[in-house]
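K.L.:
my_file-v9.cif (mmCIF, C-alpha atoms) pasted underneath:
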data_start
#
loop_
_atom_site.label_atom_id
_atom_site.label_comp_id
_atom_site.auth_asym_id
_atom_site.auth_seq_id
_atom_site.Cartn_x
_atom_site.Cartn_y
_atom_site.Cartn_z
CA MET A 932 -3.99 -12.80 8.71
CA THR A 933 -6.49 -13.98 6.23
CA THR A 934 -5.49 -14.57 2.65
CA TYR A 935 -8.11 -14.47 -0.04
CA PRO A 936 -7.17 -16.20 -3.27
CA GLY A 937 -8.69 -15.52 -6.59
CA THR A 938 -7.58 -12.16 -7.82
CA GLY A 939 -6.65 -11.84 -11.43
CA ALA A 940 -3.11 -12.87 -12.32
CA GLY A 941 -0.27 -10.76 -11.02
CA PRO A 942 -1.78 -8.29 -8.56
CA ILE A 943 0.89 -5.61 -8.46
CA ALA A 944 -0.84 -2.60 -6.94
CA ILE A 945 -3.61 -2.04 -4.42
CA ALA A 946 -5.88 0.84 -3.52
CA PHE A 947 -8.84 1.56 -1.24
CA ASP A 948 -12.06 3.23 -2.39
CA GLY A 949 -13.40 3.95 1.07
CA THR A 950 -15.24 0.65 1.25
CA ASN A 951 -13.46 -1.99 -0.80
CA MET A 952 -9.94 -2.87 -1.74
CA TRP A 953 -9.04 -3.08 -5.41
CA THR A 954 -6.04 -4.68 -7.06
CA ALA A 955 -4.56 -4.03 -10.45
CA ASN A 956 -3.63 -7.37 -11.97
CA ALA A 957 -0.69 -6.90 -14.30
CA ASN A 958 -0.80 -10.27 -15.97
CA SER A 959 -4.48 -10.63 -16.72
CA LYS A 960 -5.87 -7.30 -17.93
CA SER A 961 -8.11 -7.12 -14.91
CA VAL A 962 -8.87 -5.57 -11.57
CA THR A 963 -10.29 -7.32 -8.54
CA LYS A 964 -12.64 -5.75 -6.02
CA VAL A 965 -12.61 -7.35 -2.59
CA VAL A 966 -15.95 -6.81 -0.92
CA ALA A 967 -17.01 -7.19 2.69
CA LYS A 968 -20.27 -9.12 2.69
CA TRP A 969 -22.55 -9.59 5.71
CA MET B 610 -22.47 -14.76 8.62
CA VAL B 611 -22.97 -16.07 12.17
CA ILE B 612 -19.68 -17.39 13.44
CA GLY B 613 -20.53 -18.20 17.02
CA ILE B 614 -22.68 -17.66 20.05
CA LEU B 615 -21.33 -17.23 23.52
CA ILE B 616 -23.52 -19.89 25.07
CA LEU B 617 -22.86 -22.84 27.29
CA ARG B 618 -25.37 -25.15 28.85
CA VAL B 619 -23.88 -27.94 30.89
CA ASN B 620 -24.94 -29.76 34.02
CA ILE B 621 -22.11 -30.07 36.51
CA SER B 622 -24.41 -31.62 39.08
CA SER B 623 -27.95 -32.85 39.23
CA ALA B 624 -28.96 -29.72 41.09
CA ILE B 625 -27.23 -26.93 39.25
CA ASP B 626 -27.48 -25.91 35.66
CA CYS B 627 -24.60 -23.70 34.67
CA GLY B 628 -25.28 -21.70 31.60
CA LEU B 629 -22.07 -19.76 31.24
CA ARG B 630 -18.48 -20.40 32.18
CA ALA B 631 -15.08 -18.97 31.43
CA TYR B 632 -11.81 -20.79 30.88
CA PHE B 633 -9.04 -18.87 32.62
CA LYS B 634 -5.67 -19.92 34.04
CA ASN B 635 -6.31 -23.57 33.22
CA ALA B 636 -9.52 -23.70 35.20
CA ILE B 637 -13.18 -23.46 34.40
CA HIS B 638 -14.95 -20.75 36.34
CA ILE B 639 -18.71 -20.82 36.69
CA LEU B 640 -20.28 -17.52 35.73
CA ALA B 641 -24.00 -18.22 35.74
CA CYS B 642 -25.96 -21.10 37.33
CA GLN B 643 -29.50 -21.90 38.25
CA PRO B 644 -31.48 -24.83 39.60
CA ALA B 645 -31.80 -27.52 36.98
CA THR B 646 -35.55 -27.36 36.98
CA SER B 647 -35.75 -23.63 36.44
CA THR B 648 -36.89 -22.39 33.09
CA SER B 649 -35.40 -18.94 33.44
CA SER B 650 -31.97 -18.19 32.11
CA PRO B 651 -28.98 -17.85 34.40
CA LEU B 652 -27.56 -15.36 31.96
CA ARG B 653 -29.06 -11.96 32.51
CA ILE B 654 -28.44 -8.35 31.65
CA GLU B 655 -29.61 -5.39 33.68
CA LYS B 656 -30.63 -2.32 31.78
CA GLY B 657 -32.38 0.66 33.32
CA GLY B 658 -33.07 -1.24 36.51
CA VAL B 659 -34.81 -4.07 34.68
CA ILE B 660 -33.28 -7.53 34.59
CA TYR B 661 -33.58 -9.32 31.29
CA SER B 662 -33.03 -13.04 30.96
CA ILE B 663 -31.14 -14.18 27.91
CA VAL B 664 -32.39 -17.42 26.53
CA LEU B 665 -29.80 -20.16 26.36
CA VAL B 666 -29.99 -22.54 23.49
CA ASP B 667 -28.63 -25.85 22.50
CA PRO B 668 -25.50 -25.37 20.41
CA ALA B 669 -27.09 -27.67 17.86
CA ASN B 670 -29.78 -25.05 17.41
CA SER B 671 -27.58 -22.00 17.40
CA ASP B 672 -29.83 -19.96 15.17
CA ALA B 673 -32.32 -19.79 18.04
CA SER B 674 -29.98 -17.71 20.17
CA PRO B 675 -30.72 -14.05 20.69
CA ILE B 676 -27.00 -13.37 21.04
CA ARG B 677 -25.04 -13.30 17.85
CA ILE B 678 -21.73 -11.87 16.87
CA MET B 679 -21.57 -10.97 13.25
CA ILE B 680 -18.46 -10.48 11.20
CA PRO B 681 -18.29 -9.85 7.51
CA SER B 682 -17.11 -12.45 5.11
CA LEU B 683 -15.25 -11.36 2.06
CA THR B 684 -15.81 -12.04 -1.55
CA SER B 685 -13.79 -10.93 -4.48
CA THR B 686 -14.97 -10.13 -7.93
CA THR B 687 -12.52 -9.88 -10.76
CA TYR B 688 -13.43 -7.66 -13.63
CA THR B 689 -11.54 -8.46 -16.77
CA GLY B 690 -11.01 -6.19 -19.69
CA THR B 691 -8.66 -3.47 -18.62
CA GLY B 692 -5.96 -2.45 -20.98
CA SER B 693 -2.87 -4.66 -21.08
CA GLY B 694 -0.53 -4.76 -18.12
CA PRO B 695 -2.24 -2.64 -15.49
CA HIS B 696 0.64 -1.69 -13.20
CA ALA B 697 -0.83 1.05 -11.05
CA ILE B 698 -4.23 1.97 -9.62
CA ALA B 699 -5.75 5.10 -8.14
CA PHE B 700 -9.14 6.29 -6.89
CA ASP B 701 -10.93 9.44 -8.04
CA GLY B 702 -13.56 9.49 -5.31
CA THR B 703 -15.98 7.41 -7.37
CA ASN B 704 -14.11 5.20 -9.81
CA MET B 705 -10.88 3.28 -9.88
CA TRP B 706 -8.40 3.94 -12.66
CA THR B 707 -5.56 1.75 -13.85
CA ALA B 708 -2.48 2.73 -15.80
CA ASN B 709 -1.90 0.05 -18.42
CA TYR B 710 1.77 -0.20 -19.22
CA ASN B 711 1.65 -2.50 -22.20
CA ASP B 712 -0.80 -0.72 -24.47
CA ASN B 713 -0.55 2.93 -23.44
CA SER B 714 -4.00 3.27 -21.98
CA VAL B 715 -5.93 3.86 -18.82
CA THR B 716 -9.09 2.08 -17.71
CA LYS B 717 -11.84 3.62 -15.62
CA ILE B 718 -13.74 1.09 -13.54
CA THR B 719 -17.03 2.03 -11.91
CA PRO B 720 -18.00 0.67 -8.49
CA THR B 721 -19.97 -2.09 -10.23
CA GLY B 722 -17.10 -3.04 -12.50
CA ALA B 723 -18.13 -1.37 -15.72
CA MET B 724 -14.97 -0.51 -17.60
CA THR B 725 -14.00 2.06 -20.13
CA THR B 726 -10.50 1.96 -21.54
CA TYR B 727 -9.08 5.13 -22.99
CA THR B 728 -6.13 4.60 -25.28
CA GLY B 729 -3.51 7.12 -26.22
CA THR B 730 -1.46 7.92 -23.16
CA GLY B 731 2.21 8.42 -23.63
CA ALA B 732 4.32 5.29 -23.94
CA GLY B 733 4.50 2.98 -21.01
CA PRO B 734 2.28 4.49 -18.30
CA LEU B 735 3.71 3.06 -15.12
CA ALA B 736 2.23 5.27 -12.41
CA ILE B 737 -1.00 7.17 -11.86
CA ALA B 738 -2.19 9.89 -9.50
CA PHE B 739 -5.30 12.04 -9.01
CA ASP B 740 -5.31 15.83 -8.77
CA GLY B 741 -8.85 16.20 -7.45
CA THR B 742 -10.34 16.42 -10.92
CA ASN B 743 -8.17 14.59 -13.44
CA MET B 744 -6.01 11.52 -13.49
CA TRP B 745 -2.39 11.82 -14.52
CA THR B 746 -0.08 9.08 -15.72
CA ALA B 747 3.70 9.07 -15.67
CA ASN B 748 4.76 7.51 -18.96
CA TYR B 749 8.04 5.74 -18.43
CA GLY B 750 8.68 4.94 -22.05
CA GLY B 751 7.76 8.30 -23.49
CA ASN B 752 9.23 10.76 -21.01
CA SER B 753 5.86 12.40 -20.68
CA VAL B 754 2.77 12.70 -18.55
CA THR B 755 -0.83 12.39 -19.68
CA LYS B 756 -3.75 14.23 -18.12
CA ILE B 757 -7.06 12.37 -18.41
CA THR B 758 -10.33 14.13 -17.69
CA PRO B 759 -13.20 12.30 -16.00
CA THR B 760 -14.68 11.59 -19.44
CA GLY B 761 -11.42 10.25 -20.82
CA ALA B 762 -10.18 13.22 -22.83
CA MET B 763 -6.40 13.02 -22.87
CA THR B 764 -3.63 15.53 -23.19
CA THR B 765 -0.08 14.26 -23.22
CA TYR B 766 2.68 16.62 -22.21
CA PRO B 767 6.14 15.50 -23.35
CA GLY B 768 9.37 16.67 -21.84
CA THR B 769 9.72 15.17 -18.39
CA GLY B 770 13.07 13.90 -17.32
CA SER B 771 14.04 10.47 -18.60
CA GLY B 772 12.11 7.49 -17.34
CA PRO B 773 9.33 8.92 -15.17
CA ARG B 774 8.47 6.01 -12.97
CA ALA B 775 6.57 7.56 -10.06
CA ILE B 776 4.15 10.46 -9.74
CA ALA B 777 2.72 12.45 -6.83
CA PHE B 778 0.52 15.51 -6.35
CA ASP B 779 1.43 18.48 -4.17
CA GLY B 780 -2.01 20.06 -4.09
CA THR B 781 -1.35 22.16 -7.18
CA ASN B 782 1.22 20.46 -9.40
CA MET B 783 2.13 16.94 -10.37
CA TRP B 784 5.69 15.76 -9.86
CA THR B 785 7.42 12.84 -11.52
CA ALA B 786 10.51 11.01 -10.33
CA ASN B 787 12.67 10.20 -13.34
CA VAL B 788 14.88 7.19 -12.82
CA ASN B 789 17.01 7.36 -15.94
CA ASP B 790 18.49 10.83 -15.44
CA ASP B 791 18.15 11.32 -11.69
CA SER B 792 15.71 14.20 -11.79
CA VAL B 793 12.22 15.27 -10.88
CA THR B 794 9.79 17.19 -13.07
CA LYS B 795 7.13 19.58 -11.81
CA ILE B 796 4.08 19.83 -14.09
CA THR B 797 1.54 22.60 -13.64
CA PRO B 798 -2.17 21.97 -14.24
CA THR B 799 -1.77 23.28 -17.79
CA GLY B 800 1.22 21.07 -18.52
CA ALA B 801 4.06 23.56 -18.14
CA MET B 802 7.11 21.62 -17.00
CA THR B 803 10.25 22.31 -15.07
CA THR B 804 12.76 19.51 -14.63
CA TYR B 805 15.15 19.70 -11.72
CA PRO B 806 18.23 17.46 -12.08
CA GLY B 807 20.34 16.29 -9.22
CA THR B 808 18.41 13.82 -7.13
CA GLY B 809 20.17 10.80 -5.80
CA VAL B 810 20.69 7.89 -8.15
CA TYR B 811 17.62 6.19 -9.59
CA PRO B 812 14.74 7.96 -7.83
CA VAL B 813 12.22 5.16 -7.90
CA ALA B 814 9.56 6.50 -5.57
CA ILE B 815 8.19 9.89 -4.59
CA ALA B 816 6.06 11.21 -1.74
CA PHE B 817 4.84 14.59 -0.48
CA ASP B 818 5.22 15.85 3.08
CA GLY B 819 2.79 18.75 2.80
CA THR B 820 5.49 21.16 1.69
CA ASN B 821 8.27 19.31 -0.08
CA MET B 822 8.59 16.35 -2.38
CA TRP B 823 10.89 13.51 -1.38
CA THR B 824 12.36 10.81 -3.58
CA ALA B 825 13.73 7.45 -2.52
CA ASN B 826 16.86 6.83 -4.55
CA SER B 827 17.50 3.12 -4.87
CA GLY B 828 20.80 3.53 -6.72
CA ASN B 829 22.79 5.20 -3.95
CA ASP B 830 20.84 4.58 -0.76
CA SER B 831 19.58 8.09 -0.27
CA VAL B 832 16.57 10.35 -0.25
CA THR B 833 16.24 13.77 -1.83
CA LYS B 834 14.09 16.58 -0.49
CA ILE B 835 12.86 18.97 -3.18
CA THR B 836 11.33 22.31 -2.21
CA PRO B 837 8.46 23.79 -4.24
CA THR B 838 10.99 25.83 -6.21
CA GLY B 839 13.19 22.85 -6.94
CA ALA B 840 15.97 23.35 -4.41
CA MET B 841 17.32 19.92 -3.57
CA THR B 842 19.03 18.36 -0.62
CA THR B 843 20.10 14.74 -0.83
CA TYR B 844 20.59 12.83 2.38
CA THR B 845 22.65 9.67 2.03
CA GLY B 846 22.70 6.76 4.40
CA THR B 847 19.39 5.00 4.13
CA GLY B 848 19.38 1.25 4.22
CA ASP B 849 20.31 -0.63 1.08
CA THR B 850 18.22 -0.04 -2.05
CA PRO B 851 15.20 1.95 -0.88
CA LEU B 852 12.31 1.09 -3.17
CA ALA B 853 9.37 2.78 -1.47
CA ILE B 854 8.73 5.88 0.60
CA ALA B 855 5.89 7.04 2.83
CA PHE B 856 5.14 9.92 5.18
CA ASP B 857 3.97 9.55 8.77
CA GLY B 858 2.88 13.16 9.27
CA THR B 859 6.31 14.22 10.50
CA ASN B 860 8.98 11.96 9.06
CA MET B 861 9.63 10.16 5.83
CA TRP B 862 10.26 6.43 5.90
CA THR B 863 11.89 4.26 3.28
CA ALA B 864 11.57 0.51 2.79
CA ASN B 865 15.03 -0.79 1.99
CA SER B 866 14.84 -3.92 -0.07
CA GLY B 867 18.56 -4.70 -0.08
CA ASN B 868 19.13 -5.20 3.62
CA ASN B 869 15.69 -5.75 5.11
CA SER B 870 15.36 -2.49 6.94
CA VAL B 871 13.47 0.77 7.11
CA THR B 872 14.92 4.24 7.52
CA LYS B 873 13.20 7.12 9.31
CA ILE B 874 14.22 10.53 7.98
CA THR B 875 13.35 13.66 9.95
CA PRO B 876 12.42 16.90 8.16
CA THR B 877 16.04 18.02 8.46
CA GLY B 878 17.44 14.79 7.10
CA ALA B 879 18.53 13.05 10.28
CA MET B 880 18.29 9.32 9.64
CA THR B 881 17.77 6.27 11.76
CA THR B 882 17.80 2.88 10.08
CA TYR B 883 16.02 0.03 11.79
CA PRO B 884 17.04 -3.45 10.59
CA GLY B 885 14.97 -6.55 10.91
CA THR B 886 12.03 -6.41 8.54
CA GLY B 887 11.07 -9.48 6.59
CA ALA B 888 13.01 -10.18 3.43
CA TYR B 889 12.89 -7.63 0.63
CA PRO B 890 10.60 -4.87 1.88
CA GLU B 891 9.34 -3.25 -1.28
CA GLY B 892 6.09 -1.61 -0.22
CA ILE B 893 5.37 0.69 2.70
CA ALA B 894 2.23 2.23 4.14
CA PHE B 895 1.19 4.14 7.27
CA ASP B 896 -1.71 3.16 9.53
CA GLY B 897 -1.91 6.44 11.42
CA THR B 898 0.51 5.25 14.09
CA ASN B 899 2.87 2.65 12.67
CA MET B 900 4.59 1.98 9.41
CA TRP B 901 4.10 -1.37 7.70
CA THR B 902 6.22 -2.97 5.03
CA ALA B 903 5.24 -5.62 2.52
CA ASN B 904 8.14 -8.05 2.30
CA GLY B 905 8.18 -9.55 -1.15
CA ASN B 906 10.61 -12.37 -0.53
CA SER B 907 9.33 -13.71 2.77
CA ASN B 908 5.55 -13.65 2.45
CA SER B 909 5.24 -11.37 5.43
CA VAL B 910 4.57 -7.88 6.64
CA THR B 911 6.44 -5.94 9.30
CA LYS B 912 4.90 -3.39 11.64
CA ILE B 913 7.32 -0.68 12.78
CA THR B 914 6.41 1.58 15.68
CA PRO B 915 7.44 5.24 15.71
CA THR B 916 10.51 4.29 17.73
CA GLY B 917 11.50 1.47 15.40
CA ALA B 918 10.27 -1.55 17.33
CA MET B 919 9.39 -4.22 14.82
CA THR B 920 7.03 -7.15 14.64
CA THR B 921 6.99 -9.32 11.56
CA TYR B 922 3.89 -11.33 10.75
CA THR B 923 4.39 -14.18 8.35
CA GLY B 924 1.79 -15.93 6.29
CA THR B 925 0.69 -13.54 3.59
CA GLY B 926 0.14 -14.84 0.12
CA ASN B 927 3.15 -15.32 -2.10
CA ALA B 928 5.27 -12.28 -2.92
CA PRO B 929 3.45 -9.35 -1.38
CA VAL B 930 4.58 -6.43 -3.50
CA ALA B 931 2.20 -3.68 -2.47
CA ILE B 932 0.41 -2.63 0.70
CA ALA B 933 -2.48 -0.33 1.54
CA PHE B 934 -4.53 0.67 4.61
CA ASP B 935 -8.34 0.60 4.81
CA GLY B 936 -8.66 2.58 8.03
CA THR B 937 -8.52 -0.53 10.18
CA ASN B 938 -6.57 -3.27 8.43
CA MET B 939 -3.54 -3.50 6.22
CA TRP B 940 -3.88 -5.32 2.91
CA THR B 941 -1.23 -6.74 0.66
CA ALA B 942 -1.41 -7.55 -3.02
CA ASN B 943 0.38 -10.85 -3.51
CA TYR B 944 1.85 -10.99 -6.97
CA GLY B 945 3.02 -14.57 -6.77
CA ASP B 946 -0.22 -16.40 -6.13
CA ASN B 947 -2.97 -14.02 -7.23
CA SER B 948 -4.31 -13.23 -3.81
CA VAL B 949 -4.73 -10.50 -1.26
CA THR B 950 -4.12 -10.73 2.45
CA LYS B 951 -5.87 -8.76 5.16
CA ILE B 952 -3.85 -8.15 8.30
CA THR B 953 -5.74 -7.04 11.39
CA PRO B 954 -4.18 -4.44 13.69
CA ARG B 955 -2.68 -7.14 15.89
CA GLY B 956 -1.50 -9.11 12.92
CA SER B 957 -3.78 -12.05 13.51
CA ILE B 958 -7.29 -13.18 12.92
CA ILE B 959 -9.80 -12.18 15.54
CA LYS B 960 -11.34 -15.53 16.38
CA ALA B 961 -12.49 -15.78 19.95
CA ILE B 962 -16.07 -16.92 19.90
CA LYS B 963 -16.75 -20.63 19.96
CA TYR B 964 -19.20 -23.11 21.30
CA TYR B 965 -18.39 -25.10 24.37
CA GLN B 966 -20.40 -28.03 25.56
#
Please rewrite the model in this file as structure tokens.

P.N.:
Amino acid sequence: MTTYPGTGAGPIAIAFDGTNMWTANANSKSVTKVVAKW
Amino acid sequence: MVIGILILRVNISSAIDCGLRAYFKNAIHILACQPATSTSSPLRIEKGGVIYSIVLVDPANSDASPIRIMIPSLTSTTYTGTGSGPHAIAFDGTNMWTANYNDNSVTKITPTGAMTTYTGTGAGPLAIAFDGTNMWTANYGGNSVTKITPTGAMTTYPGTGSGPRAIAFDGTNMWTANVNDDSVTKITPTGAMTTYPGTGVYPVAIAFDGTNMWTANSGNDSVTKITPTGAMTTYTGTGDTPLAIAFDGTNMWTANSGNNSVTKITPTGAMTTYPGTGAYPEGIAFDGTNMWTANGNSNSVTKITPTGAMTTYTGTGNAPVAIAFDGTNMWTANYGDNSVTKITPRGSIIKAIKYYQ
């Protein structure tokens, strides 16, 4: 496992766009995109 | 990012220069050696009848090596400015959309993070699903659904059952699971509704099996199968308090938060409950072979094989409440510490390449 900190506050849902994961952050009016970077 | 190079250059005698070795069964085995004075590499690859030498380099000068194993690093970018309280997220093939519970809106987020928030959904949008063209929200507080076109035009259709908390698409219609009156509502593309009462108690999640809708009923430990015409069959006997449901291509599976178990339900309702997940499984997802639960109270995930064999991997971030599959890895959203965790298929980090000297 690898845990990546730093999403917005309260990530409550997660979805995949075909490349990146995205979280919906319930407590911070935000989304976070997690990107694979070479 | 270069993480390592499979190179070793060590003299084990004055005469032999061993460039590659393997550590196996508590012993070092020499794989490639050459006379110490030779300038050719002991590490070679044959291709098409031609032998190629691979240059060995000093580990202190690793960038000089022709052999590199690359793995991606990960960065996260947080885009602020959605509506208030985004509780659900769905993909339309290009953009992400959130359902924002606190201010009755949705937000469209482009791949580069540009946001447009459209206000005016029904009250309390708590779930969101895509029909191939439009997004739909289930509005818990307003007993309604809202259809949102790609440009943000909204139409709200009132009249679902009470407390629509989950929503799923059957290929033609949207269906909501209504927790406050134990019903489901079928909504046609034009908003015509039919509510079917009689699910189990508190249908909190809904999933489609290709023909029928299924609800997970957390209030009486059951699932309900609903045919396209609304005929219902409720099967009792899942584990305690099923909060999530997912389909494996044949069977439905529930994640049972109350007694740390999953239940497999065949198309005819035969159930097998497998105990032993981590504490409080509240999310479930399928990887094409196995089911995985996100265990909110034990910072772990559990992999469940088709026959119910379980392996729990601890060490996610705090309070993993949701889980999704990217085609290779599972990911959890960790509500308690604002993080995500990637879990590889074996449940551990792939980290095998190091320097030895």

K.L.:
What residues in chain B have any atom no more than 8 Å from chain A when counting all atoms listed in the file, and can you write them as a PDB file with C-alpha atoms, in the coordinates of the input?

P.N.:
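Writing done, so here's part.pdb:
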ATOM      1  CA  MET B 610     -22.470 -14.760   8.620  1.00  0.00           C
ATOM      2  CA  MET B 679     -21.570 -10.970  13.250  1.00  0.00           C
ATOM      3  CA  ILE B 680     -18.460 -10.480  11.200  1.00  0.00           C
ATOM      4  CA  PRO B 681     -18.290  -9.850   7.510  1.00  0.00           C
ATOM      5  CA  SER B 682     -17.110 -12.450   5.110  1.00  0.00           C
ATOM      6  CA  LEU B 683     -15.250 -11.360   2.060  1.00  0.00           C
ATOM      7  CA  THR B 684     -15.810 -12.040  -1.550  1.00  0.00           C
ATOM      8  CA  SER B 685     -13.790 -10.930  -4.480  1.00  0.00           C
ATOM      9  CA  THR B 686     -14.970 -10.130  -7.930  1.00  0.00           C
ATOM     10  CA  THR B 687     -12.520  -9.880 -10.760  1.00  0.00           C
ATOM     11  CA  TYR B 688     -13.430  -7.660 -13.630  1.00  0.00           C
ATOM     12  CA  THR B 689     -11.540  -8.460 -16.770  1.00  0.00           C
ATOM     13  CA  GLY B 690     -11.010  -6.190 -19.690  1.00  0.00           C
ATOM     14  CA  THR B 691      -8.660  -3.470 -18.620  1.00  0.00           C
ATOM     15  CA  GLY B 692      -5.960  -2.450 -20.980  1.00  0.00           C
ATOM     16  CA  SER B 693      -2.870  -4.660 -21.080  1.00  0.00           C
ATOM     17  CA  GLY B 694      -0.530  -4.760 -18.120  1.00  0.00           C
ATOM     18  CA  PRO B 695      -2.240  -2.640 -15.490  1.00  0.00           C
ATOM     19  CA  HIS B 696       0.640  -1.690 -13.200  1.00  0.00           C
ATOM     20  CA  ALA B 697      -0.830   1.050 -11.050  1.00  0.00           C
ATOM     21  CA  ILE B 698      -4.230   1.970  -9.620  1.00  0.00           C
ATOM     22  CA  ALA B 699      -5.750   5.100  -8.140  1.00  0.00           C
ATOM     23  CA  PHE B 700      -9.140   6.290  -6.890  1.00  0.00           C
ATOM     24  CA  GLY B 702     -13.560   9.490  -5.310  1.00  0.00           C
ATOM     25  CA  THR B 703     -15.980   7.410  -7.370  1.00  0.00           C
ATOM     26  CA  ASN B 704     -14.110   5.200  -9.810  1.00  0.00           C
ATOM     27  CA  MET B 705     -10.880   3.280  -9.880  1.00  0.00           C
ATOM     28  CA  THR B 707      -5.560   1.750 -13.850  1.00  0.00           C
ATOM     29  CA  GLY B 924       1.790 -15.930   6.290  1.00  0.00           C
ATOM     30  CA  THR B 925       0.690 -13.540   3.590  1.00  0.00           C
ATOM     31  CA  GLY B 926       0.140 -14.840   0.120  1.00  0.00           C
ATOM     32  CA  VAL B 930       4.580  -6.430  -3.500  1.00  0.00           C
ATOM     33  CA  ALA B 931       2.200  -3.680  -2.470  1.00  0.00           C
ATOM     34  CA  ILE B 932       0.410  -2.630   0.700  1.00  0.00           C
ATOM     35  CA  ALA B 933      -2.480  -0.330   1.540  1.00  0.00           C
ATOM     36  CA  PHE B 934      -4.530   0.670   4.610  1.00  0.00           C
ATOM     37  CA  ASP B 935      -8.340   0.600   4.810  1.00  0.00           C
ATOM     38  CA  THR B 941      -1.230  -6.740   0.660  1.00  0.00           C
ATOM     39  CA  ALA B 942      -1.410  -7.550  -3.020  1.00  0.00           C
ATOM     40  CA  ASN B 943       0.380 -10.850  -3.510  1.00  0.00           C
ATOM     41  CA  TYR B 944       1.850 -10.990  -6.970  1.00  0.00           C
ATOM     42  CA  GLY B 945       3.020 -14.570  -6.770  1.00  0.00           C
ATOM     43  CA  ASP B 946      -0.220 -16.400  -6.130  1.00  0.00           C
ATOM     44  CA  ASN B 947      -2.970 -14.020  -7.230  1.00  0.00           C
ATOM     45  CA  SER B 948      -4.310 -13.230  -3.810  1.00  0.00           C
ATOM     46  CA  VAL B 949      -4.730 -10.500  -1.260  1.00  0.00           C
ATOM     47  CA  THR B 950      -4.120 -10.730   2.450  1.00  0.00           C
ATOM     48  CA  LYS B 951      -5.870  -8.760   5.160  1.00  0.00           C
ATOM     49  CA  ILE B 952      -3.850  -8.150   8.300  1.00  0.00           C
ATOM     50  CA  THR B 953      -5.740  -7.040  11.390  1.00  0.00           C
ATOM     51  CA  GLY B 956      -1.500  -9.110  12.920  1.00  0.00           C
ATOM     52  CA  SER B 957      -3.780 -12.050  13.510  1.00  0.00           C
ATOM     53  CA  ILE B 958      -7.290 -13.180  12.920  1.00  0.00           C
TER      54      ILE B 958
END

K.L.:
Work out how far apart atom CA of Ala816 of chain B and atom CA of Thr847 of chain B are and give it in Å to one decimal.

P.N.:
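Calculated distance between atom CA of Ala816 of chain B and atom CA of Thr847 of chain B is 15.8 Å.
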
K.L.:
Between atom CA of Ser831 of chain B and atom CA of Gly917 of chain B, measure the distance and give it in Å to one decimal.

P.N.:
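Between atom CA of Ser831 of chain B and atom CA of Gly917 of chain B the gap works out to 18.8 Å.
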
K.L.:
With 5 Å added on each side, what axis-aligned box encloses every listed atom of segment 765-771 of chain B? Give the centre and edge lengths in Å to one decimal, as AutoDock Vina command-line options.

P.N.:
--center_x 7.0 --center_y 13.6 --center_z -20.3 --size_x 24.1 --size_y 16.2 --size_z 16.0

K.L.:
Might you spell out which residues the PyMOL selection byres ((chain B and resi 833) around 7) would select in the displayed file, as a CSV table (one decimal) with C-alpha atoms, in the coordinates of the input?

P.N.:
chain,number,residue,atom,x,y,z
B,808,THR,CA,18.4,13.8,-7.1
B,809,GLY,CA,20.2,10.8,-5.8
B,823,TRP,CA,10.9,13.5,-1.4
B,824,THR,CA,12.4,10.8,-3.6
B,825,ALA,CA,13.7,7.4,-2.5
B,831,SER,CA,19.6,8.1,-0.3
B,832,VAL,CA,16.6,10.4,-0.2
B,834,LYS,CA,14.1,16.6,-0.5
B,835,ILE,CA,12.9,19.0,-3.2
B,841,MET,CA,17.3,19.9,-3.6
B,842,THR,CA,19.0,18.4,-0.6
B,843,THR,CA,20.1,14.7,-0.8
B,844,TYR,CA,20.6,12.8,2.4

K.L.:
I'd like the interatomic distance between atom CA of Gly878 of chain B and atom CA of Trp862 of chain B, to a tenth of an Å.

P.N.:
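Those two atoms sit 11.1 Å apart.
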
K.L.:
Using all atoms listed in the file, collect all residues at a distance of at most 12 Å from (7.5, 5.9, 15.6) as written in the file, then present them as a PyMOL selection string.

P.N.:
chain B and resi 856-862+871-875+881+883+895-901+912-919

K.L.:
If we count only C-alpha atoms, what is near Asn904 of chain B at a cut-off of 6 Å, once residues fewer than 4 positions away on the same chain are taken out, given as a short mmCIF file (atom, residue, chain, number, x, y, z; two decimals) with C-alpha atoms, in the frame of the given file?

P.N.:
data_model
loop_
_atom_site.label_atom_id
_atom_site.label_comp_id
_atom_site.auth_asym_id
_atom_site.auth_seq_id
_atom_site.Cartn_x
_atom_site.Cartn_y
_atom_site.Cartn_z
CA GLY B 887 11.07 -9.48 6.59
CA ALA B 888 13.01 -10.18 3.43
CA TYR B 889 12.89 -7.63 0.63
CA PRO B 890 10.60 -4.87 1.88
CA SER B 909 5.24 -11.37 5.43
CA VAL B 910 4.57 -7.88 6.64
#

K.L.:
Skipping near chain neighbours, those fewer than 4 positions away, what residues fall within 7 Å of segment 864-869 of chain B using all atoms listed in the file, listed as an MDAnalysis selection string?

P.N.:
chainID B and resid 848:854 884:893 902

K.L.:
Export, as a short mmCIF file (atom, residue, chain, number, x, y, z; two decimals), in the frame of the given file, the selected residues with C-alpha atoms.

P.N.:
data_model
loop_
_atom_site.label_atom_id
_atom_site.label_comp_id
_atom_site.auth_asym_id
_atom_site.auth_seq_id
_atom_site.Cartn_x
_atom_site.Cartn_y
_atom_site.Cartn_z
CA GLY B 848 19.38 1.25 4.22
CA ASP B 849 20.31 -0.63 1.08
CA THR B 850 18.22 -0.04 -2.05
CA PRO B 851 15.20 1.95 -0.88
CA LEU B 852 12.31 1.09 -3.17
CA ALA B 853 9.37 2.78 -1.47
CA ILE B 854 8.73 5.88 0.60
CA PRO B 884 17.04 -3.45 10.59
CA GLY B 885 14.97 -6.55 10.91
CA THR B 886 12.03 -6.41 8.54
CA GLY B 887 11.07 -9.48 6.59
CA ALA B 888 13.01 -10.18 3.43
CA TYR B 889 12.89 -7.63 0.63
CA PRO B 890 10.60 -4.87 1.88
CA GLU B 891 9.34 -3.25 -1.28
CA GLY B 892 6.09 -1.61 -0.22
CA ILE B 893 5.37 0.69 2.70
CA THR B 902 6.22 -2.97 5.03
#
